[in-house]
>>> print(open('work03.txt').read())   # compact mmCIF, C-alpha atoms
# COMPACT_ATOMS: atom_id res chain seq x y z
CA MET P 1 -11.74 5.45 -11.09
CA ASN P 2 -9.24 3.73 -8.79
CA ALA P 3 -9.03 0.12 -9.93
CA ILE P 4 -6.98 -1.03 -6.96
CA LYS P 5 -9.59 0.18 -4.48
CA ASP P 6 -12.37 -1.37 -6.55
CA ALA P 7 -10.49 -4.68 -6.55
CA ILE P 8 -10.06 -4.59 -2.79
CA LYS P 9 -13.75 -3.83 -2.27
CA SER P 10 -14.68 -6.76 -4.50
CA GLY P 11 -12.65 -9.15 -2.35
CA ARG P 12 -10.09 -9.95 -5.01
CA THR P 13 -6.49 -10.60 -4.00
CA VAL P 14 -4.41 -7.56 -4.94
CA VAL P 15 -0.72 -8.08 -5.72
CA GLY P 16 1.92 -5.40 -6.16
CA THR P 17 5.66 -5.14 -6.48
CA ALA P 18 8.37 -2.62 -5.72
CA GLY P 19 8.85 0.37 -7.99
CA SER P 20 11.55 3.02 -7.82
CA PRO P 21 13.12 5.80 -9.89
CA SER P 22 15.91 3.36 -10.82
CA VAL P 23 13.72 0.82 -12.68
CA ASP P 24 11.58 1.00 -15.82
CA VAL P 25 8.24 1.44 -14.11
CA SER P 26 6.35 1.60 -17.41
CA LEU P 27 7.45 -1.99 -18.06
CA LEU P 28 6.38 -3.15 -14.60
CA ALA P 29 3.11 -1.25 -14.91
CA ASP P 30 2.27 -3.30 -18.01
CA ALA P 31 3.22 -6.63 -16.42
CA GLY P 32 -0.11 -7.30 -14.69
CA PHE P 33 0.56 -6.09 -11.15
CA ASP P 34 -2.27 -4.26 -9.41
CA PHE P 35 0.07 -1.65 -7.94
CA LEU P 36 3.67 -0.51 -7.79
CA LEU P 37 4.88 0.35 -4.31
CA PHE P 38 7.32 3.23 -3.95
CA ASP P 39 8.97 3.14 -0.53
CA THR P 40 10.40 6.25 1.10
CA GLN P 41 10.76 4.83 4.62
CA HIS P 42 13.50 2.24 4.12
CA SER P 43 15.05 3.35 0.86
CA ALA P 44 17.38 6.07 -0.36
CA TRP P 45 14.60 7.69 -2.39
CA GLU P 46 12.76 10.77 -1.22
CA ILE P 47 9.16 11.56 -2.03
CA LYS P 48 9.99 14.49 -4.29
CA GLN P 49 12.00 12.13 -6.51
CA LEU P 50 8.94 10.01 -7.22
CA GLN P 51 7.02 12.31 -9.52
CA PRO P 52 8.84 11.26 -12.75
CA PRO P 53 8.32 7.49 -12.31
CA ILE P 54 4.74 8.00 -11.17
CA GLN P 55 4.10 10.22 -14.18
CA ALA P 56 5.51 7.44 -16.37
CA MET P 57 2.62 5.27 -15.18
CA ARG P 58 -0.06 7.58 -16.55
CA GLY P 59 -2.70 5.68 -18.49
CA LYS P 60 -1.75 2.36 -16.90
CA GLN P 61 -4.16 0.19 -14.94
CA THR P 62 -1.47 -0.44 -12.32
CA ALA P 63 -1.74 2.05 -9.46
CA PRO P 64 1.16 3.98 -7.93
CA VAL P 65 1.19 3.54 -4.15
CA VAL P 66 3.64 5.33 -1.86
CA ARG P 67 4.81 4.39 1.62
CA VAL P 68 5.69 7.61 3.40
CA ALA P 69 8.50 7.68 5.95
CA ALA P 70 6.28 8.75 8.83
CA ASN P 71 2.71 9.70 9.68
CA GLU P 72 3.29 13.35 8.86
CA ALA P 73 0.81 15.47 6.90
CA TYR P 74 3.50 17.12 4.76
CA GLN P 75 4.91 13.75 3.66
CA ILE P 76 1.47 12.45 2.78
CA CYS P 77 0.81 15.67 0.84
CA PHE P 78 4.04 15.26 -1.14
CA ALA P 79 3.09 11.66 -2.05
CA LEU P 80 -0.37 12.66 -3.22
CA ASP P 81 0.90 15.68 -5.14
CA ALA P 82 3.28 13.33 -6.97
CA GLY P 83 0.25 11.36 -8.16
CA ALA P 84 -0.10 8.46 -5.73
CA ARG P 85 -3.44 6.67 -5.82
CA GLY P 86 -2.73 5.03 -2.49
CA VAL P 87 -0.73 5.92 0.61
CA ILE P 88 0.79 3.54 3.16
CA ILE P 89 1.45 5.05 6.56
CA PRO P 90 3.92 3.25 8.88
CA MET P 91 3.68 2.71 12.62
CA VAL P 92 0.02 3.60 13.16
CA ASN P 93 -0.67 2.58 16.75
CA THR P 94 -3.87 4.31 17.86
CA ARG P 95 -7.21 5.50 16.54
CA ALA P 96 -6.04 9.11 16.82
CA GLU P 97 -3.02 8.38 14.63
CA ALA P 98 -5.21 6.64 12.04
CA GLU P 99 -7.62 9.57 12.04
CA ALA P 100 -4.74 12.00 11.53
CA ALA P 101 -3.50 9.98 8.55
CA VAL P 102 -6.96 9.96 6.96
CA ARG P 103 -7.38 13.70 7.47
CA ALA P 104 -4.02 14.35 5.82
CA CYS P 105 -5.13 12.34 2.78
CA ARG P 106 -8.44 14.11 2.26
CA TYR P 107 -9.50 17.56 1.18
CA TYR P 108 -11.78 19.82 3.23
CA PRO P 109 -14.39 19.32 4.68
CA VAL P 110 -13.49 15.72 5.62
CA GLY P 111 -9.75 16.36 5.83
CA ASN P 112 -7.04 18.99 5.87
CA ARG P 113 -4.97 18.16 2.79
CA SER P 114 -3.51 21.31 1.29
CA ASN P 115 -4.65 22.05 -2.25
CA ALA P 116 -2.10 22.27 -5.08
CA GLY P 117 -4.42 21.88 -8.05
CA VAL P 118 -5.48 18.69 -9.79
CA ARG P 119 -2.93 15.99 -9.05
CA GLY P 120 -2.91 12.40 -10.23
CA GLU P 121 -5.23 10.53 -12.56
CA TRP P 122 -8.77 10.76 -11.26
CA GLY P 123 -10.79 11.44 -14.40
CA GLU P 124 -12.61 14.46 -15.79
CA PHE P 125 -14.93 16.59 -13.64
CA LYS P 126 -17.40 19.40 -14.17
CA THR P 127 -16.33 21.25 -11.04
CA TYR P 128 -13.29 21.38 -8.78
CA ARG P 129 -15.46 20.24 -5.88
CA ASP P 130 -16.31 17.11 -7.87
CA TYR P 131 -12.60 16.41 -8.26
CA MET P 132 -11.92 16.83 -4.54
CA ASP P 133 -14.87 14.63 -3.58
CA ALA P 134 -13.70 11.94 -5.98
CA VAL P 135 -10.21 11.92 -4.47
CA ASN P 136 -11.64 11.85 -0.96
CA ASN P 137 -13.74 8.81 -1.84
CA GLU P 138 -11.37 6.90 -4.09
CA LEU P 139 -7.93 7.29 -2.55
CA LEU P 140 -6.55 4.11 -0.95
CA ILE P 141 -5.49 4.70 2.68
CA VAL P 142 -3.42 2.00 4.36
CA PRO P 143 -2.15 2.19 7.97
CA MET P 144 0.56 -0.27 8.97
CA ILE P 145 0.16 -2.57 11.97
CA GLU P 146 3.64 -3.16 13.38
CA THR P 147 3.56 -2.99 17.18
CA ASN P 148 1.95 -4.54 20.24
CA GLN P 149 0.21 -1.22 20.84
CA ALA P 150 -1.37 -1.41 17.40
CA LEU P 151 -2.51 -4.99 18.11
CA GLU P 152 -4.25 -3.76 21.25
CA ASN P 153 -6.01 -1.06 19.22
CA LEU P 154 -6.99 -3.04 16.13
CA ASP P 155 -10.73 -2.42 16.40
CA ALA P 156 -10.21 1.27 17.03
CA ILE P 157 -7.91 1.63 14.02
CA ALA P 158 -9.97 -0.54 11.67
CA SER P 159 -13.18 1.36 12.46
CA VAL P 160 -11.81 4.75 11.37
CA PRO P 161 -13.78 5.92 8.31
CA GLY P 162 -11.47 6.03 5.30
CA VAL P 163 -9.16 3.20 6.34
CA ASP P 164 -9.12 0.57 3.57
CA VAL P 165 -6.48 -1.97 4.62
CA LEU P 166 -4.77 -3.10 7.82
CA LEU P 167 -1.25 -3.73 6.54
CA ILE P 168 1.21 -5.81 8.53
CA GLY P 169 4.84 -4.79 8.68
CA PRO P 170 6.11 -8.40 8.94
CA SER P 171 9.60 -7.88 10.36
CA ASP P 172 8.76 -5.09 12.84
CA LEU P 173 5.73 -6.99 14.10
CA SER P 174 7.74 -10.16 14.62
CA ILE P 175 10.33 -8.22 16.62
CA GLU P 176 7.62 -6.64 18.79
CA LEU P 177 6.17 -10.09 19.44
CA GLY P 178 9.55 -11.37 20.63
CA VAL P 179 9.98 -13.77 17.70
CA PRO P 180 12.28 -11.85 15.33
CA LEU P 181 11.73 -12.94 11.72
CA ASP P 182 10.16 -16.25 12.84
CA TYR P 183 7.18 -15.88 10.57
CA ALA P 184 5.97 -19.49 10.87
CA CYS P 185 5.80 -19.71 14.67
CA ASP P 186 2.49 -19.94 16.54
CA THR P 187 2.93 -16.57 18.28
CA TYR P 188 3.28 -14.77 14.97
CA GLN P 189 0.51 -16.71 13.26
CA ARG P 190 -1.93 -15.98 16.09
CA ALA P 191 -1.24 -12.27 15.66
CA LEU P 192 -1.94 -12.58 11.93
CA ASP P 193 -5.24 -14.28 12.65
CA LYS P 194 -6.20 -11.50 15.05
CA ILE P 195 -5.45 -8.84 12.44
CA ALA P 196 -7.33 -10.68 9.69
CA ALA P 197 -10.35 -11.09 11.98
CA ALA P 198 -10.38 -7.40 12.89
CA ALA P 199 -10.23 -6.37 9.24
CA ALA P 200 -13.06 -8.74 8.31
CA LYS P 201 -15.16 -7.51 11.23
CA HIS P 202 -14.96 -3.94 9.95
CA GLY P 203 -15.37 -4.77 6.27
CA ILE P 204 -11.88 -3.80 5.18
CA ALA P 205 -8.94 -5.79 3.82
CA ALA P 206 -5.98 -7.34 5.61
CA GLY P 207 -2.58 -7.17 3.95
CA MET P 208 1.12 -7.83 4.35
CA TYR P 209 3.85 -5.50 3.18
CA PHE P 210 5.67 -8.52 1.75
CA ILE P 211 5.31 -12.29 1.79
CA PRO P 212 8.17 -13.71 3.89
CA PRO P 213 10.82 -15.43 1.78
CA GLY P 214 10.19 -19.12 1.22
CA MET P 215 6.53 -18.96 2.25
CA ASP P 216 3.59 -19.60 -0.07
CA PRO P 217 1.51 -16.50 -0.85
CA ASN P 218 -1.60 -18.68 -1.03
CA PHE P 219 -1.12 -19.67 2.61
CA PHE P 220 -1.65 -16.03 3.54
CA VAL P 221 -4.49 -15.57 1.06
CA GLN P 222 -6.31 -18.46 2.76
CA LYS P 223 -5.78 -16.74 6.11
CA GLY P 224 -7.53 -13.66 4.73
CA PHE P 225 -4.64 -11.49 3.53
CA LYS P 226 -5.61 -10.07 0.14
CA PHE P 227 -3.09 -7.24 -0.31
CA PHE P 228 0.67 -7.80 -0.54
CA THR P 229 3.78 -7.37 -2.66
CA MET P 230 5.96 -9.93 -4.39
CA PRO P 231 9.48 -9.36 -5.79
CA TRP P 232 9.40 -8.97 -9.56
CA SER P 233 13.01 -9.84 -10.41
CA PRO P 234 12.84 -13.64 -9.82
CA TRP P 235 9.76 -13.85 -12.03
CA ALA P 236 11.43 -11.75 -14.72
CA GLN P 237 14.54 -13.92 -14.62
CA ALA P 238 12.46 -17.09 -14.83
CA GLY P 239 10.55 -15.72 -17.81
CA ILE P 240 13.75 -14.81 -19.62
CA ARG P 241 15.25 -18.23 -18.93
CA ASN P 242 12.10 -19.97 -20.17
CA ALA P 243 12.05 -17.87 -23.33
CA LEU P 244 15.73 -18.57 -24.03
CA ALA P 245 15.16 -22.29 -23.45
CA GLU P 246 12.73 -22.31 -26.38
CA ILE P 247 15.46 -21.17 -28.76
CA LYS P 248 17.71 -23.75 -30.34
CA ARG P 249 21.24 -22.55 -29.66
>>> encode(input="work03.txt", output="structure tokens")
Amino acid sequence: MNAIKDAIKSGRTVVGTAGSPSVDVSLLADAGFDFLLFDTQHSAWEIKQLQPPIQAMRGKQTAPVVRVAANEAYQICFALDAGARGVIIPMVNTRAEAEAAVRACRYYPVGNRSNAGVRGEWGEFKTYRDYMDAVNNELLIVPMIETNQALENLDAIASVPGVDVLLIGPSDLSIELGVPLDYACDTYQRALDKIAAAAAKHGIAAGMYFIPPGMDPNFFVQKGFKFFTMPWSPWAQAGIRNALAEIKR
């Protein structure tokens, strides 16, 4: 029902890329990515602008995932009403904040998401209760680990029922650790190991919002990070160049 969540549960590495209202998301959704990530925290796009591109992904295996701007119930509700199959919540620092995010994602009785009718692609159901239960069980919920406070509360956050991934915000975490953008240093790498261990302990995935430029994605996969994004444009450019090189001109 939600292929990206099934893939994470199976232990497979899940790779996404950035989507936005300004790109042909139907093309990207057919390119083999597991998810398209629509960011509303550090972009000019607002959540209510995302419904058209997310609707353009209907029928695709690739899942629309939205990063909301803040851990606010109304923002999470907007993202889900637009059709997101996963929600990324920034700056989650405590168990209480993680619990609030999960509640905002889920319908009563396990959450407090406001109902606006059937939203998103979740299948066909005999009853409306069946639909709500399916969404509650299948939605991907991803808190971001970006601060020293979050590092201190890893076990508490990871043990919240409904949390699927501990997602590192690479740049913010490096700044909090006192090693701004020094992703290869021992201080940063020890923090990554701590996060990966906490996720494994609680049977959930560890992820990174992006793979730092110039670093090998497989290095992070081997450390236990199975959820991340990669930029699509360099791969697209390489594919076009390779195709053109095959033509005698």
>>> closest_atom_pairs(input="work03.txt", of="range 31-63 of chain P", to="range 211-232 of chain P", cutoff="12 Å", atoms="all atoms listed in the file", output="tab-separated table")
residue	atom	partner	partner_atom	distance
P:Ala31	CA	P:Trp232	CA	9.5
P:Gly32	CA	P:Trp232	CA	10.9
P:Phe33	CA	P:Thr229	CA	9.2
P:Asp34	CA	P:Thr229	CA	9.6
P:Phe35	CA	P:Thr229	CA	8.6
P:Leu36	CA	P:Thr229	CA	8.6
P:Leu37	CA	P:Thr229	CA	8.0
P:Phe38	CA	P:Thr229	CA	11.2
P:Asp39	CA	P:Thr229	CA	11.9
>>> residues_around(input="work03.txt", residues="range 107-109 of chain P", least_positions_apart="6", cutoff="12 Å", atoms="all atoms listed in the file", output="list in words")
Ala73, Cys77, Leu80, Asn115, Ala116, Gly117, Val118, Tyr128, Arg129, Asp130, Tyr131, Met132, Asp133, Ala134, Val135, Asn136, Asn137 and Leu139 of chain P
>>> atom_distance(input="work03.txt", atom1="CA of Ala70 in chain P", atom2="CA of Ala156 in chain P")
19.9 Å
>>> atom_distance(input="work03.txt", atom1="CA of Glu176 in chain P", atom2="CA of Asn148 in chain P")
6.2 Å
>>> atom_distance(input="work03.txt", atom1="CA of Ile240 in chain P", atom2="CA of Val15 in chain P")
21.2 Å
>>> closest_residue(input="work03.txt", among="P:Gly111, P:Gly123, P:Gly203, P:Pro161", to="Ser10 in chain P", atoms="only C-alpha atoms")
P:Gly203
>>> closest_residue(input="work03.txt", among="P:Ile168, P:Val160, P:Leu50, P:Ala238", to="Ala101 in chain P", atoms="all atoms listed in the file")
P:Val160
>>> residues_around(input="work03.txt", residues="Ala197 in chain P", least_positions_apart="5", cutoff="10 Å", atoms="all atoms listed in the file", output="PyMOL selection string")
chain P and resi 154-155+191-192+202-203+205-206+223-224
>>> residues_around(input="work03.txt", residues="Val163 in chain P", least_positions_apart="5", cutoff="7 Å", atoms="only C-alpha atoms", output="PyMOL selection string")
chain P and resi 141-142+158
>>> write_last_selection(input="work03.txt", atoms="C-alpha atoms", output="tab-separated table (two decimals), keeping the file's coordinate frame")
chain	number	residue	atom	x	y	z
P	141	ILE	CA	-5.49	4.70	2.68
P	142	VAL	CA	-3.42	2.00	4.36
P	158	ALA	CA	-9.97	-0.54	11.67
>>> residues_around(input="work03.txt", residues="Arg119 in chain P", least_positions_apart="6", cutoff="8 Å", atoms="all atoms listed in the file", output="list in words")
Leu80, Asp81, Ala82 and Gly83 of chain P
>>> decode(input="work03.txt", residues="range 212-233 of chain P", atoms="N, CA and C atoms", output="tab-separated table (two decimals), in the first residue's frame")
chain	number	residue	atom	x	y	z
P	212	PRO	N	26.46	14.31	1.72
P	212	PRO	CA	27.32	15.47	1.52
P	212	PRO	C	28.06	15.42	0.20
P	213	PRO	N	28.20	16.55	-0.46
P	213	PRO	CA	28.86	16.58	-1.77
P	213	PRO	C	30.25	15.97	-1.71
P	214	GLY	N	30.57	15.16	-2.71
P	214	GLY	CA	31.89	14.55	-2.80
P	214	GLY	C	32.06	13.28	-1.99
P	215	MET	N	31.06	12.89	-1.23
P	215	MET	CA	31.16	11.68	-0.41
P	215	MET	C	30.36	10.55	-1.05
P	216	ASP	N	30.84	9.33	-0.83
P	216	ASP	CA	30.26	8.14	-1.46
P	216	ASP	C	29.01	7.70	-0.71
P	217	PRO	N	27.87	7.62	-1.38
P	217	PRO	CA	26.66	7.15	-0.69
P	217	PRO	C	26.85	5.78	-0.03
P	218	ASN	N	27.63	4.92	-0.65
P	218	ASN	CA	27.81	3.58	-0.09
P	218	ASN	C	28.56	3.60	1.23
P	219	PHE	N	29.36	4.63	1.45
P	219	PHE	CA	30.02	4.77	2.76
P	219	PHE	C	28.97	4.90	3.86
P	220	PHE	N	27.92	5.66	3.58
P	220	PHE	CA	26.87	5.86	4.58
P	220	PHE	C	25.95	4.65	4.66
P	221	VAL	N	25.73	3.99	3.54
P	221	VAL	CA	24.93	2.75	3.58
P	221	VAL	C	25.61	1.73	4.49
P	222	GLN	N	26.93	1.60	4.37
P	222	GLN	CA	27.67	0.65	5.20
P	222	GLN	C	27.62	1.02	6.68
P	223	LYS	N	27.45	2.31	6.96
P	223	LYS	CA	27.33	2.74	8.35
P	223	LYS	C	25.91	2.52	8.89
P	224	GLY	N	24.98	2.15	8.01
P	224	GLY	CA	23.63	1.85	8.46
P	224	GLY	C	22.58	2.85	8.03
P	225	PHE	N	22.94	3.79	7.15
P	225	PHE	CA	21.98	4.80	6.70
P	225	PHE	C	21.34	4.35	5.39
P	226	LYS	N	20.05	4.05	5.47
P	226	LYS	CA	19.34	3.41	4.36
P	226	LYS	C	18.24	4.29	3.75
P	227	PHE	N	18.26	5.58	4.06
P	227	PHE	CA	17.24	6.50	3.56
P	227	PHE	C	17.93	7.83	3.32
P	228	PHE	N	17.97	8.28	2.05
P	228	PHE	CA	18.61	9.56	1.76
P	228	PHE	C	18.21	10.02	0.37
P	229	THR	N	18.56	11.28	0.07
P	229	THR	CA	18.31	11.82	-1.27
P	229	THR	C	19.62	12.02	-2.00
P	230	MET	N	19.51	12.00	-3.33
P	230	MET	CA	20.62	12.32	-4.22
P	230	MET	C	20.12	13.33	-5.25
P	231	PRO	N	20.97	14.24	-5.71
P	231	PRO	CA	20.53	15.21	-6.73
P	231	PRO	C	20.33	14.52	-8.07
P	232	TRP	N	19.22	14.81	-8.74
P	232	TRP	CA	18.93	14.12	-9.99
P	232	TRP	C	19.59	14.76	-11.19
P	233	SER	N	19.87	16.06	-11.14
P	233	SER	CA	20.34	16.75	-12.35
P	233	SER	C	21.69	16.25	-12.86
